[in-house]
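Coordinates as given in my_file_26.txt (compact mmCIF, C-alpha atoms):
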# COMPACT_ATOMS: atom_id res chain seq x y z
CA MET A 1 255.35 33.66 -57.06
CA LEU A 2 254.77 33.53 -53.32
CA LEU A 3 254.38 36.80 -51.47
CA THR A 4 254.62 37.64 -47.79
CA VAL A 5 251.15 37.85 -46.25
CA ASN A 6 250.45 39.62 -42.99
CA GLY A 7 248.24 37.68 -40.61
CA ALA A 8 246.42 34.53 -41.58
CA ARG A 9 246.42 33.40 -45.21
CA SER A 10 243.18 32.99 -47.08
CA THR A 11 242.31 29.54 -48.36
CA ARG A 12 243.66 30.39 -51.82
CA GLU A 13 246.87 31.86 -50.41
CA LEU A 14 247.31 28.85 -48.14
CA ALA A 15 246.86 26.52 -51.14
CA GLU A 16 249.63 28.42 -52.98
CA LEU A 17 251.97 28.00 -50.01
CA VAL A 18 251.22 24.28 -49.69
CA LYS A 19 251.81 23.88 -53.44
CA ALA A 20 255.24 25.50 -53.07
CA LEU A 21 256.05 23.13 -50.19
CA MET A 22 254.92 20.18 -52.27
CA ASP A 23 257.06 21.24 -55.23
CA TRP A 24 260.10 21.71 -52.99
CA CYS A 25 260.00 18.18 -51.62
CA THR A 26 259.18 16.48 -54.92
CA GLU A 27 262.76 15.29 -55.12
CA GLY A 28 264.36 13.79 -52.04
CA GLY A 29 262.95 12.38 -48.84
CA TYR A 30 262.05 15.46 -46.88
CA GLY A 31 260.25 14.36 -43.76
CA ASN A 32 260.38 17.46 -41.60
CA LEU A 33 257.75 20.02 -42.52
CA ASP A 34 259.47 22.81 -40.60
CA ASP A 35 262.64 22.23 -42.63
CA VAL A 36 260.65 22.46 -45.87
CA LEU A 37 258.92 25.63 -44.66
CA ALA A 38 262.30 27.21 -43.90
CA GLN A 39 263.70 26.25 -47.33
CA VAL A 40 260.66 27.63 -49.17
CA ALA A 41 260.71 30.85 -47.18
CA LYS A 42 264.39 31.31 -48.04
CA ARG A 43 263.84 30.44 -51.70
CA PHE A 44 260.97 32.94 -52.20
CA HIS A 45 262.25 35.57 -49.75
CA ILE A 46 259.05 35.45 -47.68
CA THR A 47 258.25 35.38 -43.99
CA VAL A 48 256.13 32.55 -42.59
CA PRO A 49 254.98 33.62 -39.11
CA ASP A 50 253.82 31.16 -36.47
CA GLN A 51 250.16 31.78 -37.33
CA GLN A 52 250.70 30.67 -40.94
CA ARG A 53 252.92 27.79 -39.83
CA TYR A 54 250.04 26.49 -37.74
CA GLN A 55 247.67 27.00 -40.68
CA VAL A 56 249.87 24.70 -42.78
CA PHE A 57 250.00 22.03 -40.11
CA ALA A 58 246.22 22.30 -39.57
CA ALA A 59 245.58 21.89 -43.31
CA LEU A 60 247.76 18.77 -43.40
CA ALA A 61 246.08 17.42 -40.26
CA ASP A 62 242.73 17.73 -42.05
CA ALA A 63 244.17 15.63 -44.89
CA LEU A 64 245.29 12.78 -42.61
CA PRO A 65 243.45 9.47 -43.10
CA ALA A 66 240.32 9.09 -41.02
CA ASP A 67 241.79 6.06 -39.22
CA SER A 68 245.05 7.83 -38.33
CA GLY A 69 244.12 7.75 -34.66
CA GLN A 70 245.31 11.29 -34.02
CA GLY A 71 243.52 13.97 -32.04
CA HIS A 72 245.99 15.99 -30.02
CA ASP A 73 247.05 19.14 -31.85
CA ALA A 74 247.77 19.63 -35.55
CA ILE A 75 251.55 19.97 -35.22
CA THR A 76 251.90 16.85 -33.06
CA ASP A 77 249.50 14.82 -35.18
CA VAL A 78 251.23 15.60 -38.49
CA SER A 79 254.77 15.25 -37.15
CA THR A 80 254.01 11.92 -35.43
CA TRP A 81 252.15 10.47 -38.42
CA VAL A 82 254.88 11.44 -40.92
CA ALA A 83 257.74 10.25 -38.67
CA ALA A 84 256.10 6.84 -38.20
CA ARG A 85 255.96 6.23 -41.96
CA LEU A 86 259.10 7.95 -43.16
CA PRO A 87 261.43 4.91 -42.85
CA TYR A 88 259.48 2.90 -45.41
CA GLU A 89 257.63 5.73 -47.23
CA PRO A 90 260.28 8.35 -48.12
CA HIS A 91 257.75 10.51 -49.98
CA VAL A 92 255.05 10.40 -47.29
CA LEU A 93 255.22 14.15 -46.65
CA TYR A 94 254.95 14.92 -50.36
CA ALA A 95 251.84 12.73 -50.63
CA LEU A 96 250.27 14.37 -47.60
CA LEU A 97 251.01 17.83 -49.01
CA MET A 98 249.43 16.85 -52.32
CA ASN A 99 246.23 15.64 -50.62
CA SER A 100 246.08 18.82 -48.57
CA TRP A 101 246.70 21.00 -51.62
CA MET A 102 243.85 19.34 -53.55
CA ASP A 103 241.51 19.78 -50.57
CA LEU A 104 242.45 23.46 -50.26
CA CYS A 105 241.97 24.06 -53.99
CA ALA A 106 238.48 22.56 -53.83
CA GLN A 107 237.65 24.65 -50.76
CA ALA A 108 238.99 27.83 -52.36
CA GLU A 109 236.94 27.20 -55.49
CA SER A 110 233.83 26.61 -53.40
CA GLU A 111 234.41 29.84 -51.46
CA ALA A 112 234.97 31.80 -54.67
CA THR A 113 231.75 30.40 -56.15
CA ALA A 114 229.80 31.33 -53.02
CA GLU A 115 231.26 34.85 -53.01
CA ASN A 116 230.39 35.33 -56.68
CA GLU A 117 226.84 34.12 -56.12
CA GLU A 118 226.46 36.43 -53.11
CA ARG A 119 227.80 39.38 -55.09
CA GLU A 120 225.57 38.66 -58.07
CA ARG A 121 222.55 38.30 -55.80
CA ALA A 122 223.31 41.62 -54.12
CA GLU A 123 223.78 43.35 -57.47
CA ARG A 124 220.65 41.77 -58.89
CA ASP A 125 218.36 42.70 -56.01
CA PRO A 126 219.77 45.26 -53.56
CA ILE A 127 216.43 45.52 -51.74
CA ALA A 128 216.42 41.78 -51.03
CA GLU A 129 219.99 42.07 -49.78
CA ALA A 130 219.02 44.95 -47.49
CA ILE A 131 216.08 42.98 -46.10
CA ARG A 132 218.35 40.00 -45.51
CA GLN A 133 220.56 42.14 -43.27
CA LEU A 134 217.65 43.41 -41.18
CA THR A 135 216.46 41.75 -38.00
CA LEU A 136 212.98 42.28 -36.59
CA THR A 137 214.00 45.52 -34.87
CA GLY A 138 215.51 46.96 -38.03
CA ARG A 139 212.45 46.04 -40.07
CA TYR A 140 210.14 47.73 -37.59
CA TYR A 141 212.26 50.88 -37.71
CA VAL A 142 212.13 50.99 -41.51
CA VAL A 143 208.37 50.43 -41.79
CA ALA A 144 207.71 52.97 -39.01
CA HIS A 145 209.12 55.69 -41.30
CA ASN A 146 208.16 56.72 -44.80
CA GLY A 147 210.44 56.48 -47.82
CA ARG A 148 212.11 59.78 -46.96
CA GLY A 149 212.77 58.83 -43.34
CA LYS A 150 209.94 60.82 -41.78
CA PRO A 151 208.34 59.00 -38.81
CA MET A 152 204.82 57.70 -39.33
CA LEU A 153 204.08 57.60 -35.60
CA SER A 154 205.03 59.64 -32.56
CA GLU A 155 208.51 59.21 -31.13
CA ALA A 156 207.06 57.60 -27.99
CA VAL A 157 205.05 55.01 -29.94
CA ILE A 158 207.95 54.15 -32.24
CA GLY A 159 210.13 53.73 -29.16
CA LEU A 160 207.65 51.25 -27.70
CA GLY A 161 207.48 49.33 -30.98
CA LEU A 162 211.26 49.13 -31.17
CA ALA A 163 211.60 48.11 -27.52
CA ALA A 164 209.05 45.35 -28.06
CA SER A 165 210.83 44.27 -31.25
CA ALA A 166 214.17 44.02 -29.45
CA ILE A 167 212.67 41.99 -26.60
CA ALA A 168 210.92 39.76 -29.15
CA GLU A 169 214.26 39.10 -30.87
CA LEU A 170 215.70 37.91 -27.54
CA VAL A 171 212.68 35.71 -26.79
CA ILE A 172 212.72 34.14 -30.26
CA ALA A 173 216.47 33.50 -30.02
CA GLY A 174 216.02 31.82 -26.62
CA ARG A 175 218.10 34.43 -24.78
CA ILE A 176 215.33 35.37 -22.35
CA ALA A 177 211.85 34.21 -21.39
CA VAL A 178 208.83 35.91 -19.81
CA GLU A 179 206.92 34.29 -16.97
CA ILE A 180 203.28 34.61 -18.06
CA ARG A 181 201.83 34.87 -14.55
CA THR A 182 204.19 37.49 -13.11
CA HIS A 183 205.23 39.24 -16.34
CA ARG A 184 208.85 39.02 -15.18
CA PHE A 185 211.89 37.86 -17.10
CA VAL A 186 213.23 34.42 -16.23
CA GLU A 187 215.88 32.05 -17.50
CA PRO A 188 214.71 30.46 -20.76
CA ALA A 189 213.60 26.85 -20.70
CA PRO A 190 215.27 24.22 -22.96
CA PRO A 191 214.25 24.51 -26.65
CA GLU A 192 210.70 23.43 -27.28
CA GLY A 193 209.73 20.60 -29.58
CA PRO A 194 207.17 21.06 -32.36
CA VAL A 195 203.67 21.93 -31.29
CA SER A 196 201.24 19.08 -30.71
CA GLY A 197 200.36 17.26 -33.90
CA ASP A 198 203.26 18.85 -35.81
CA SER A 199 206.04 16.35 -36.45
CA GLU A 200 208.04 18.46 -38.87
CA PRO A 201 211.34 19.79 -37.53
CA ASP A 202 211.97 23.53 -37.52
CA THR A 203 214.55 23.89 -40.28
CA ASN A 204 214.90 27.68 -39.94
CA PRO A 205 216.84 28.58 -36.80
CA PRO A 206 216.14 32.07 -35.40
CA ALA A 207 218.41 34.90 -36.50
CA ALA A 208 220.99 36.18 -34.05
CA PRO A 209 219.71 39.23 -32.16
CA SER A 210 220.72 42.64 -33.47
CA ALA A 211 223.27 44.83 -31.71
CA ALA A 212 220.41 46.95 -30.36
CA ALA A 213 218.71 43.83 -28.96
CA GLN A 214 221.99 42.75 -27.38
CA ALA A 215 222.21 46.13 -25.66
CA VAL A 216 218.63 45.71 -24.46
CA PHE A 217 219.59 42.29 -23.09
CA GLU A 218 222.31 43.89 -20.98
CA ASP A 219 219.82 46.48 -19.71
CA LEU A 220 217.34 43.76 -18.76
CA ARG A 221 220.00 41.93 -16.76
CA ILE A 222 220.69 45.08 -14.72
CA GLN A 223 217.09 46.12 -14.06
CA ALA A 224 214.77 43.50 -12.58
CA ALA A 225 211.30 44.86 -13.32
CA PRO A 226 208.06 43.57 -14.88
CA LEU A 227 207.80 43.53 -18.65
CA ARG A 228 205.53 46.57 -19.03
CA ASP A 229 207.81 48.70 -16.84
CA GLN A 230 210.81 47.57 -18.89
CA LEU A 231 209.04 48.55 -22.10
CA THR A 232 208.59 52.14 -20.97
CA VAL A 233 212.21 52.41 -19.80
CA LEU A 234 213.72 50.87 -22.92
CA ALA A 235 211.51 52.89 -25.27
CA ALA A 236 213.31 56.07 -24.24
CA GLY A 237 216.67 55.17 -25.75
CA VAL A 238 216.28 52.25 -28.12
CA GLU A 239 215.51 54.28 -31.27
CA GLU A 240 218.93 55.94 -31.24
CA ARG A 241 220.61 52.54 -30.88
CA VAL A 242 218.68 51.07 -33.80
CA ARG A 243 219.25 54.15 -35.98
CA THR A 244 223.00 54.03 -35.33
CA GLU A 245 223.15 50.32 -36.14
CA LEU A 246 221.25 50.72 -39.41
CA HIS A 247 223.34 53.74 -40.41
CA GLU A 248 226.58 51.85 -39.79
CA ALA A 249 225.25 48.93 -41.83
CA GLY A 250 224.51 51.23 -44.78
CA ILE A 251 220.75 50.65 -44.63
CA ILE A 252 219.82 54.29 -43.93
CA ASN A 253 221.54 57.62 -44.55
CA PRO A 254 220.95 61.03 -42.97
CA GLU A 255 219.30 63.74 -45.07
CA THR A 256 218.91 67.35 -43.93
CA ARG A 257 215.67 68.99 -45.07
CA GLY A 258 213.72 72.13 -44.33
CA MET A 259 214.12 75.78 -45.24
CA LEU A 260 213.43 77.71 -42.05
CA ARG A 261 213.88 74.86 -39.61
CA GLU A 262 216.30 72.19 -40.72
CA ARG A 263 215.71 68.65 -39.58
CA VAL A 264 217.69 65.47 -40.15
CA TYR A 265 215.83 62.42 -41.39
CA TYR A 266 217.33 58.98 -41.95
CA ALA A 267 216.00 57.64 -45.23
CA PRO A 268 216.55 54.10 -46.55
CA VAL A 269 219.36 53.88 -49.09
CA GLN A 270 217.20 51.56 -51.19
CA ARG A 271 213.99 53.16 -52.43
CA GLY A 272 210.94 51.03 -51.75
CA LEU A 273 212.53 49.14 -48.84
CA ALA A 274 209.64 49.71 -46.43
CA LYS A 275 207.09 48.73 -49.07
CA ALA A 276 209.05 45.54 -49.82
CA ILE A 277 209.12 44.62 -46.12
CA ARG A 278 205.35 45.16 -45.83
CA ALA A 279 204.77 43.03 -48.91
CA LEU A 280 207.04 40.29 -47.56
CA VAL A 281 205.27 40.17 -44.21
CA GLY A 282 201.86 40.50 -45.84
CA GLY A 283 202.62 37.47 -47.99
CA ALA A 284 203.93 35.53 -44.99
CA LEU A 285 200.57 35.98 -43.22
CA TYR A 286 199.01 33.57 -45.70
CA SER A 287 201.52 30.86 -44.71
CA ASP A 288 201.07 28.23 -42.04
CA PRO A 289 203.21 28.15 -40.01
CA ILE A 290 204.43 31.76 -39.93
CA ALA A 291 208.00 32.63 -38.96
CA PRO A 292 207.88 34.18 -35.44
CA ALA A 293 209.66 37.39 -36.52
CA ASP A 294 207.16 37.96 -39.35
CA ALA A 295 204.25 37.27 -37.00
CA VAL A 296 205.58 39.70 -34.38
CA LEU A 297 206.10 42.47 -36.96
CA ALA A 298 202.52 42.06 -38.15
CA GLU A 299 201.22 42.04 -34.57
CA LEU A 300 203.22 45.15 -33.66
CA ALA A 301 201.92 46.92 -36.76
CA ILE A 302 198.43 46.43 -35.33
CA ALA A 303 199.43 47.19 -31.74
CA THR A 304 201.16 50.48 -32.58
CA GLY A 305 198.74 51.61 -35.28
CA LEU A 306 201.10 51.29 -38.24
CA ASP A 307 198.52 49.32 -40.22
CA ALA A 308 196.23 52.36 -40.22
CA LYS A 309 199.01 54.71 -41.37
CA GLN A 310 200.25 52.81 -44.42
CA SER A 311 198.70 51.16 -47.43
CA GLY A 312 200.05 48.24 -49.35
CA GLY A 313 201.31 45.10 -47.67
CA TRP A 314 199.20 45.44 -44.51
CA ASP A 315 195.92 44.62 -46.30
CA ARG A 316 195.66 41.22 -44.65
CA LEU A 317 195.82 42.82 -41.19
CA GLY A 318 192.39 44.40 -41.67
CA SER A 319 190.73 41.01 -41.26
CA MET A 320 192.94 39.85 -38.39
CA ASN A 321 192.67 40.20 -34.64
CA ARG A 322 195.68 40.67 -32.41
CA GLY A 323 197.20 37.27 -31.75
CA ASP A 324 196.03 35.60 -34.98
CA ALA A 325 199.48 35.69 -36.59
CA LEU A 326 201.29 34.40 -33.50
CA ALA A 327 198.77 31.56 -33.24
CA LYS A 328 200.18 30.22 -36.51
CA THR A 329 203.78 29.97 -35.31
CA ARG A 330 205.29 26.62 -34.36
CA ARG A 331 206.24 27.17 -30.74
CA ALA A 332 203.26 27.43 -28.39
CA GLU A 333 205.16 28.62 -25.30
CA THR A 334 207.17 31.18 -27.25
CA ALA A 335 203.99 32.37 -28.98
CA ALA A 336 202.33 32.89 -25.59
CA GLN A 337 205.22 35.04 -24.38
CA LEU A 338 205.24 37.08 -27.59
CA LYS A 339 201.46 37.51 -27.39
CA LEU A 340 201.85 38.91 -23.85
CA LEU A 341 204.59 41.25 -25.10
CA VAL A 342 202.37 42.54 -27.93
CA ASP A 343 199.36 42.99 -25.63
CA LEU A 344 201.38 44.98 -23.09
CA THR A 345 202.87 47.07 -25.89
CA ALA A 346 199.38 47.84 -27.19
CA ALA A 347 198.24 48.82 -23.68
CA GLU A 348 201.23 51.12 -23.25
CA VAL A 349 200.63 52.66 -26.70
CA ASP A 350 197.02 53.36 -25.72
CA ALA A 351 198.24 55.01 -22.53
CA VAL A 352 200.68 57.19 -24.47
CA VAL A 353 198.11 58.20 -27.09
CA ILE A 354 195.40 59.26 -24.60
CA SER A 355 197.71 60.87 -22.02
CA PRO A 356 197.87 64.68 -21.96
CA GLY A 357 200.64 66.18 -24.07
CA SER A 358 201.23 62.98 -26.05
Take the structure I supplied and represent it as structure tokens, if you would.
Amino acid sequence: MLLTVNGARSTRELAELVKALMDWCTEGGYGNLDDVLAQVAKRFHITVPDQQRYQVFAALADALPADSGQGHDAITDVSTWVAARLPYEPHVLYALLMNSWMDLCAQAESEATAENEERERAERDPIAEAIRQLTLTGRYYVVAHNGRGKPMLSEAVIGLGLAASAIAELVIAGRIAVEIRTHRFVEPAPPEGPVSGDSEPDTNPPAAPSAAAQAVFEDLRIQAAPLRDQLTVLAAGVEERVRTELHEAGIINPETRGMLRERVYYAPVQRGLAKAIRALVGGALYSDPIAPADAVLAELAIATGLDAKQSGGWDRLGSMNRGDALAKTRRAETAAQLKLLVDLTAAEVDAVVISPGS
């Protein structure tokens, strides 16, 4: 039985509505889809708003023959195509509804299968699901804290690592670029081709920047300053942005600890998340090429001293120099910008560590 649905119908719900339309015009030569919609709505005591009406027309437009020559809007295309054939094909609308219904059923089944697989994967390995949700900035935040949410580095150094991570996300995604000579941000160049001697296409597009990185992007557009100056400015507020984003995503949760002096720490919901990230990146370091985000995380672990604070997963970093991981990424120009970012971050970390009161 059809029910009234508020807003757009899902693929399954749309298939049910199209099936009801198809059944209604099985007998007789109905050629006006709006008339059939009105009759079905009256028969089942449902409301079909304009949004759902357009969904029906769009579904039928998708079922039109490839050589139908249409291309205006769904309502015009379907109405014109049906009207042109109705005189000699009295059941043309029924046939079109049947084709659309079968397409929608196949699509709904495919969506249901994908949802089940996604749910099973999440239930089977919640840590892998958590890692999948994390961008470079989120991963740096997690590995910069222990399993109970306590920071492994000073607040200033973690801020610099997060600021660099956010900028790296934007560079990798092609949102910004850094002019190597002046250290200033410029409009990004067109996407690079593979590095010399590498004919394989890059089949893994960069992830969309995190919400924290998007906020950093807006800050960079307002303040025109060299990269190192931007790092120090962004480091002051980026940790709160990242923490809020991860908390809202269900990656970390606040825990209040301490007897005499209570403090709030944000611990990962999944135990062992930081260790899993280190193991993932540590394994990626043996690959060639290395994904830019993995290379940057490894480089920042060296630049901010995380590799010396944690065991497990960073073992490979002991035999690496800064820049080795980025040298194994595909894009030479992007790697050069990221290398500059990491070097300036390391210099700023050194300045913070040796400055009085740090």
Nearest to Ser100 in chain A by atom-to-atom distance, counting all atoms listed in the file, from A:Val78, A:Ile222, A:Ala15, A:Ala212:
A:Ala15
Determine, counting all atoms listed in the file, which protein, DNA and RNA residues have an atom within 9 Å of an atom of range 37-44 of chain A; residues of the same chain fewer than 2 positions away are not included. Present the result as an NGL selection string.
:A and (1-3 or 17 or 20-21 or 24 or 32-35 or 46-48 or 53)
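You will find CA of Ala163 in chain A at 13.9 Å from CA of Leu340 in chain A.
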List every protein, DNA or RNA residue that has at least one atom no more than 7 Å from (198.7, 44.3, -28.6) in the file's coordinates, counting only C-alpha atoms, and write the result as a list in words.
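The distance filter leaves exactly Glu299, Leu300, Ala303, Arg322, Val342, Asp343, Leu344, Thr345, Ala346 and Ala347 of chain A.
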For CA of Ala61 in chain A and CA of Cys105 in chain A, determine how far apart the two atoms are, in Å to one decimal place.
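Here the two named atoms are 15.8 Å from each other.
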Sel. within 12 Å of pt (217.8, 50.3, -28.3), counting all atoms listed in the file, output as a CSV table (one decimal) with C-alpha atoms, in the coordinates of the input:
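Writing done, so here's selection33.csv:
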chain,number,residue,atom,x,y,z
A,137,THR,CA,214.0,45.5,-34.9
A,138,GLY,CA,215.5,47.0,-38.0
A,141,TYR,CA,212.3,50.9,-37.7
A,158,ILE,CA,208.0,54.2,-32.2
A,159,GLY,CA,210.1,53.7,-29.2
A,160,LEU,CA,207.6,51.2,-27.7
A,161,GLY,CA,207.5,49.3,-31.0
A,162,LEU,CA,211.3,49.1,-31.2
A,163,ALA,CA,211.6,48.1,-27.5
A,164,ALA,CA,209.0,45.4,-28.1
A,165,SER,CA,210.8,44.3,-31.2
A,166,ALA,CA,214.2,44.0,-29.4
A,167,ILE,CA,212.7,42.0,-26.6
A,209,PRO,CA,219.7,39.2,-32.2
A,210,SER,CA,220.7,42.6,-33.5
A,211,ALA,CA,223.3,44.8,-31.7
A,212,ALA,CA,220.4,47.0,-30.4
A,213,ALA,CA,218.7,43.8,-29.0
A,214,GLN,CA,222.0,42.8,-27.4
A,215,ALA,CA,222.2,46.1,-25.7
A,216,VAL,CA,218.6,45.7,-24.5
A,217,PHE,CA,219.6,42.3,-23.1
A,218,GLU,CA,222.3,43.9,-21.0
A,219,ASP,CA,219.8,46.5,-19.7
A,220,LEU,CA,217.3,43.8,-18.8
A,231,LEU,CA,209.0,48.6,-22.1
A,232,THR,CA,208.6,52.1,-21.0
A,233,VAL,CA,212.2,52.4,-19.8
A,234,LEU,CA,213.7,50.9,-22.9
A,235,ALA,CA,211.5,52.9,-25.3
A,236,ALA,CA,213.3,56.1,-24.2
A,237,GLY,CA,216.7,55.2,-25.8
A,238,VAL,CA,216.3,52.2,-28.1
A,239,GLU,CA,215.5,54.3,-31.3
A,240,GLU,CA,218.9,55.9,-31.2
A,241,ARG,CA,220.6,52.5,-30.9
A,242,VAL,CA,218.7,51.1,-33.8
A,243,ARG,CA,219.2,54.2,-36.0
A,244,THR,CA,223.0,54.0,-35.3
A,245,GLU,CA,223.2,50.3,-36.1
A,246,LEU,CA,221.2,50.7,-39.4
Quote the spacing between CA of Ala207 in chain A and CA of Arg221 in chain A in Å to one decimal place.
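The value is 21.0 Å.
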Nearest to Ala351 in chain A among A:Arg228, A:Arg132, A:Phe57, A:Arg261, with distances taken over only C-alpha atoms: which residue is it?
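With only C-alpha atoms as the atom set, the closest residue is A:Arg228.
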Can you tell me, as a PDB file with C-alpha atoms, in the frame of the given file, what residues are no more than 10 Å from Ile302 in chain A when counting only C-alpha atoms, ignoring any on the same chain fewer than 3 positions away?
ATOM      1  CA  VAL A 296     205.580  39.700 -34.380  1.00  0.00           C
ATOM      2  CA  LEU A 297     206.100  42.470 -36.960  1.00  0.00           C
ATOM      3  CA  ALA A 298     202.520  42.060 -38.150  1.00  0.00           C
ATOM      4  CA  GLU A 299     201.220  42.040 -34.570  1.00  0.00           C
ATOM      5  CA  GLY A 305     198.740  51.610 -35.280  1.00  0.00           C
ATOM      6  CA  LEU A 306     201.100  51.290 -38.240  1.00  0.00           C
ATOM      7  CA  ASP A 307     198.520  49.320 -40.220  1.00  0.00           C
ATOM      8  CA  ALA A 308     196.230  52.360 -40.220  1.00  0.00           C
ATOM      9  CA  TRP A 314     199.200  45.440 -44.510  1.00  0.00           C
ATOM     10  CA  LEU A 317     195.820  42.820 -41.190  1.00  0.00           C
ATOM     11  CA  GLY A 318     192.390  44.400 -41.670  1.00  0.00           C
ATOM     12  CA  MET A 320     192.940  39.850 -38.390  1.00  0.00           C
ATOM     13  CA  ASN A 321     192.670  40.200 -34.640  1.00  0.00           C
ATOM     14  CA  ARG A 322     195.680  40.670 -32.410  1.00  0.00           C
ATOM     15  CA  GLY A 323     197.200  37.270 -31.750  1.00  0.00           C
ATOM     16  CA  VAL A 342     202.370  42.540 -27.930  1.00  0.00           C
ATOM     17  CA  ALA A 346     199.380  47.840 -27.190  1.00  0.00           C
TER      18      ALA A 346
END
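Proximity ranking of A:Ala189, A:Lys275, A:Ala59, A:Tyr94 relative to Arg175 in chain A places A:Ala189 first, based on only C-alpha atoms.
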Excluding Pro226 in chain A and any residue of its chain fewer than 5 positions from it, enumerate the residues within 8 Å of it, using only C-alpha atoms, and give them as a PDB file with C-alpha atoms, keeping the file's coordinate frame.
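What ended up in part-v4.pdb:
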ATOM      1  CA  THR A 182     204.190  37.490 -13.110  1.00  0.00           C
ATOM      2  CA  HIS A 183     205.230  39.240 -16.340  1.00  0.00           C
ATOM      3  CA  ARG A 184     208.850  39.020 -15.180  1.00  0.00           C
ATOM      4  CA  PHE A 185     211.890  37.860 -17.100  1.00  0.00           C
TER       5      PHE A 185
END
Can you tell me which residues surround range 72-74 of chain A at a distance of at most 10 Å, considering all atoms listed in the file, apart from same-chain residues fewer than 3 positions away, and format the answer as a short mmCIF file (atom, residue, chain, number, x, y, z; two decimals) with C-alpha atoms, in the coordinates of the input?
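Done, and the output landed in part.cif:
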data_model
loop_
_atom_site.label_atom_id
_atom_site.label_comp_id
_atom_site.auth_asym_id
_atom_site.auth_seq_id
_atom_site.Cartn_x
_atom_site.Cartn_y
_atom_site.Cartn_z
CA TYR A 54 250.04 26.49 -37.74
CA GLN A 55 247.67 27.00 -40.68
CA VAL A 56 249.87 24.70 -42.78
CA PHE A 57 250.00 22.03 -40.11
CA ALA A 58 246.22 22.30 -39.57
CA ALA A 59 245.58 21.89 -43.31
CA LEU A 60 247.76 18.77 -43.40
CA ALA A 61 246.08 17.42 -40.26
CA ASP A 62 242.73 17.73 -42.05
CA GLY A 69 244.12 7.75 -34.66
CA ASP A 77 249.50 14.82 -35.18
CA VAL A 78 251.23 15.60 -38.49
CA SER A 79 254.77 15.25 -37.15
CA THR A 80 254.01 11.92 -35.43
#
Need to verify the contact set: Met22 in chain A, 10 Å, all atoms listed in the file, exclusion of same-chain residues closer than 4 positions in sequence. Can you return it as number ranges by chain?
A: 16-18, 26-27, 36, 40, 93-101
Could you check which of A:His45, A:Arg271, A:Lys309, A:Arg85 is closest to Gly149 in chain A, using all atoms listed in the file?
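Of the candidates, the smallest distance to Gly149 in chain A is held by A:Arg271.
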